[in-house]
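All remarks here apply to the structure that follows.
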Amino acid sequence: MTREDYLVFGAPQITDADVDEVVDCLRSRWLGTGPRVARFEEDFAAYKRVDSTRVAALNSCTAALHVSMIAAGLAPGDEVITTALTFCATVNAIIHSGATPVLADIDPGTMNIDPSSIENAITDKTRAIVPVHFAGRPCDMTAICDIANRYNLRIIEDCAHAIESEYHGSKIGTFGDFGCFSFYVTKNVATGEGGMVVAKDVDAIQRIKVLSLHGMSKDAWHRFSDTGYKHYLVTEAGFKYNMMDIQAALGIHQLSRIEENWARRQQIWSRYQAAFEALPLVLPAAPEPGTRHAYHLYTILIESQDFGMSRDDFVAAMHNHNIGTGVHYLSIAEHPYYQQTFGWHPGDYPNAASIGRRTASLPLSPALSDDDVTDVIEAVLDVYSRGF
Ligand SMILES: Cc1ncc(COP(=O)(O)O)c(C=O)c1O
């Protein structure tokens, strides 16, 4: 049976605590970067077990990636290696930093960047690696850090899916020179739009704070606080990437529920694994020993010959059952801009291309009720048994 209302993919969980904090923020009339951003930074730093001088809240992960790459010293002519299976923002941030993106293929089992493919892509112009912890599954950071050490490369981790992820006891985002997080609506902590940088180096965070507010030497909080007016001086041409207190108001309470929500998504994930075990689908691999998966995306692979329909037909059939799904992602080399600009072809990254053409993501928000999860499961079973 088709459910009555549409199950929107990735709709966040918003509680009364979130709503009340946003209302309090509005009533305080301090909407811009202020005390709530400072608290969110402190809470996030504590969650990542780093000092709060090593984090900066920004208005997106894209912004976080961009300013991290500038702070990493990337410049035109430099090459930066990233995965062929990611969101376009990863690659665009490299382009906007002035460097040239170079793709590496993925491991088809983990869907993460393949260290041997990284090594094959290294030239004398390579300066950095941008691993993406896909779906919340940590990349092979032992191999990646080893490559970075041997070739003297910077690491900028794209942790958009990976707030809760850990790798052999350490938090993801703390291996590289920079770790960049997203609080976009569908993410595990949702502030509408929002991002965070965790840096190894305190000076890099100072530079990022300046870069993310027009290049001004003092931020608006200091300029307009009750300590009196202070002149600001522009020390470089920066961007407008600061987080607002309204966003942080959501983040503070979302972050306080992060472990509860992780456990809820793990439960939903396990229900899916059990329900689809007998179907001719490729289900996500179990987390690697010694790692913690963030369970951000539950992705299945649909092979037309086995399942009786293509991935695109599956997505359309789920839509007809009033279930929203996602595609993460068409591989980067499928997009015309990159083909025209860099001459990339999907076939050059065969694992990413193959996954990108077969993958579909099922709803995994902690806001899903048990009945919602049952609806998703029944829709998948019905789509399979009846065909498109
Ligand atoms: C892997 C990856 N990188 C970067 C981003 C960009 O994040 P934001 O929307 O916060 O800029 C996303 C967002 O969807 C993502 O999934």
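If you're wondering about the labels, chains in the structure tokens are A, B, ... by order shown, residues count from 1 in each chain, ligands from 1 in order shown.
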
Ligand 1: which residues are within 8 Å, counting only C-alpha atoms and all ligand atoms? Reply as a PDB file with N, CA and C atoms, in the first residue's frame.
ATOM      1  N   ASN A  59      29.667  28.999   7.180  1.00  0.00           N
ATOM      2  CA  ASN A  59      28.290  28.840   6.715  1.00  0.00           C
ATOM      3  C   ASN A  59      28.069  27.640   5.793  1.00  0.00           C
ATOM      4  N   SER A  60      29.085  26.851   5.520  1.00  0.00           N
ATOM      5  CA  SER A  60      28.900  25.595   4.781  1.00  0.00           C
ATOM      6  C   SER A  60      30.199  24.796   4.801  1.00  0.00           C
ATOM      7  N   CYS A  61      30.067  23.545   4.433  1.00  0.00           N
ATOM      8  CA  CYS A  61      31.269  22.705   4.292  1.00  0.00           C
ATOM      9  C   CYS A  61      32.035  23.126   3.036  1.00  0.00           C
ATOM     10  N   THR A  62      31.299  23.586   2.036  1.00  0.00           N
ATOM     11  CA  THR A  62      31.967  24.060   0.816  1.00  0.00           C
ATOM     12  C   THR A  62      32.910  25.209   1.166  1.00  0.00           C
ATOM     13  N   ALA A  63      32.406  26.143   1.985  1.00  0.00           N
ATOM     14  CA  ALA A  63      33.238  27.262   2.439  1.00  0.00           C
ATOM     15  C   ALA A  63      34.425  26.737   3.247  1.00  0.00           C
ATOM     16  N   ALA A  64      34.153  25.748   4.113  1.00  0.00           N
ATOM     17  CA  ALA A  64      35.216  25.180   4.953  1.00  0.00           C
ATOM     18  C   ALA A  64      36.325  24.580   4.079  1.00  0.00           C
ATOM     19  N   LEU A  65      35.910  23.842   3.038  1.00  0.00           N
ATOM     20  CA  LEU A  65      36.897  23.238   2.132  1.00  0.00           C
ATOM     21  C   LEU A  65      37.693  24.330   1.419  1.00  0.00           C
ATOM     22  N   THR A  86      32.052  11.671  -5.335  1.00  0.00           N
ATOM     23  CA  THR A  86      31.771  12.647  -4.274  1.00  0.00           C
ATOM     24  C   THR A  86      30.784  13.669  -4.791  1.00  0.00           C
ATOM     25  N   PHE A  87      30.383  14.553  -3.876  1.00  0.00           N
ATOM     26  CA  PHE A  87      29.533  15.664  -4.278  1.00  0.00           C
ATOM     27  C   PHE A  87      30.419  16.681  -5.016  1.00  0.00           C
ATOM     28  N   CYS A  88      29.813  17.391  -5.969  1.00  0.00           N
ATOM     29  CA  CYS A  88      30.590  18.335  -6.795  1.00  0.00           C
ATOM     30  C   CYS A  88      31.314  19.389  -5.956  1.00  0.00           C
ATOM     31  N   ALA A  89      30.809  19.701  -4.753  1.00  0.00           N
ATOM     32  CA  ALA A  89      31.425  20.759  -3.927  1.00  0.00           C
ATOM     33  C   ALA A  89      32.888  20.449  -3.619  1.00  0.00           C
ATOM     34  N   THR A  90      33.214  19.172  -3.451  1.00  0.00           N
ATOM     35  CA  THR A  90      34.599  18.796  -3.137  1.00  0.00           C
ATOM     36  C   THR A  90      35.522  19.269  -4.251  1.00  0.00           C
ATOM     37  N   VAL A 132      37.356  11.757   1.012  1.00  0.00           N
ATOM     38  CA  VAL A 132      35.955  11.983   1.423  1.00  0.00           C
ATOM     39  C   VAL A 132      35.504  10.711   2.135  1.00  0.00           C
ATOM     40  N   HIS A 133      35.062  10.839   3.359  1.00  0.00           N
ATOM     41  CA  HIS A 133      34.628   9.660   4.124  1.00  0.00           C
ATOM     42  C   HIS A 133      33.191   9.358   3.718  1.00  0.00           C
ATOM     43  N   PHE A 134      33.084   8.599   2.638  1.00  0.00           N
ATOM     44  CA  PHE A 134      31.814   8.430   1.938  1.00  0.00           C
ATOM     45  C   PHE A 134      30.760   7.725   2.788  1.00  0.00           C
ATOM     46  N   ASP A 158      37.396  15.725   3.701  1.00  0.00           N
ATOM     47  CA  ASP A 158      35.999  16.117   3.504  1.00  0.00           C
ATOM     48  C   ASP A 158      35.163  15.191   4.385  1.00  0.00           C
ATOM     49  N   CYS A 159      34.719  15.757   5.512  1.00  0.00           N
ATOM     50  CA  CYS A 159      34.000  14.969   6.536  1.00  0.00           C
ATOM     51  C   CYS A 159      32.515  15.309   6.527  1.00  0.00           C
ATOM     52  N   ALA A 160      31.994  15.729   5.355  1.00  0.00           N
ATOM     53  CA  ALA A 160      30.589  16.155   5.284  1.00  0.00           C
ATOM     54  C   ALA A 160      29.640  15.068   5.784  1.00  0.00           C
ATOM     55  N   HIS A 161      30.034  13.785   5.614  1.00  0.00           N
ATOM     56  CA  HIS A 161      29.155  12.677   6.021  1.00  0.00           C
ATOM     57  C   HIS A 161      29.588  12.072   7.352  1.00  0.00           C
ATOM     58  N   PHE A 181      33.462  19.854   7.892  1.00  0.00           N
ATOM     59  CA  PHE A 181      32.185  19.216   8.232  1.00  0.00           C
ATOM     60  C   PHE A 181      31.022  20.023   7.666  1.00  0.00           C
ATOM     61  N   SER A 182      29.907  19.328   7.423  1.00  0.00           N
ATOM     62  CA  SER A 182      28.708  19.985   6.894  1.00  0.00           C
ATOM     63  C   SER A 182      27.547  19.835   7.859  1.00  0.00           C
ATOM     64  N   PHE A 183      26.778  20.914   7.985  1.00  0.00           N
ATOM     65  CA  PHE A 183      25.542  20.874   8.776  1.00  0.00           C
ATOM     66  C   PHE A 183      24.354  21.218   7.883  1.00  0.00           C
ATOM     67  N   TYR A 184      24.479  20.869   6.603  1.00  0.00           N
ATOM     68  CA  TYR A 184      23.383  21.065   5.646  1.00  0.00           C
ATOM     69  C   TYR A 184      22.152  20.289   6.132  1.00  0.00           C
ATOM     70  N   THR A 186      20.282  17.892   5.338  1.00  0.00           N
ATOM     71  CA  THR A 186      20.177  16.428   5.360  1.00  0.00           C
ATOM     72  C   THR A 186      21.262  15.776   6.223  1.00  0.00           C
ATOM     73  N   LYS A 187      22.166  16.566   6.783  1.00  0.00           N
ATOM     74  CA  LYS A 187      23.330  15.985   7.446  1.00  0.00           C
ATOM     75  C   LYS A 187      23.006  15.540   8.878  1.00  0.00           C
ATOM     76  N   GLU A 193      21.997  25.566   6.661  1.00  0.00           N
ATOM     77  CA  GLU A 193      23.308  25.598   6.010  1.00  0.00           C
ATOM     78  C   GLU A 193      24.317  25.771   7.134  1.00  0.00           C
ATOM     79  N   GLY A 194      25.486  25.207   6.993  1.00  0.00           N
ATOM     80  CA  GLY A 194      26.490  25.379   8.043  1.00  0.00           C
ATOM     81  C   GLY A 194      27.665  24.451   7.835  1.00  0.00           C
ATOM     82  N   GLY A 195      28.793  24.841   8.392  1.00  0.00           N
ATOM     83  CA  GLY A 195      29.990  24.015   8.262  1.00  0.00           C
ATOM     84  C   GLY A 195      30.968  24.304   9.388  1.00  0.00           C
TER      85      GLY A 195
END

Q) Mind checking DSSP for stretch 165-341 of chain A and telling me the helix (DSSP H, G or I) residues as an NGL selection string? A) :A and (202-211 or 220-224 or 245-256 or 258-276 or 304-307 or 311-320 or 332-334 or 336-341)

Q. Got a sec: who's within 7 Å of A:Leu297, counting only C-alpha atoms, leaving out chain neighbours fewer than 4 positions off, as a list in words?
A. Ala135, Ser361 and Leu364 of chain A

Q: Pick out the residues sitting within 12 Å of A:Arg386, and hand them over as a PyMOL selection string; count only C-alpha atoms, and ignore anything fewer than 6 positions along from it in its own chain.
A: chain A and resi 307-309+314+317+378-380

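In this comparison, which uses only C-alpha atoms, the residue of A:Ala75, A:Lys48, A:Arg29, A:Ala56 approaching A:Ile205 most closely is A:Ala56.
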
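Atom CA of A:His328 is positioned 22.5 Å from atom CA of A:His96.
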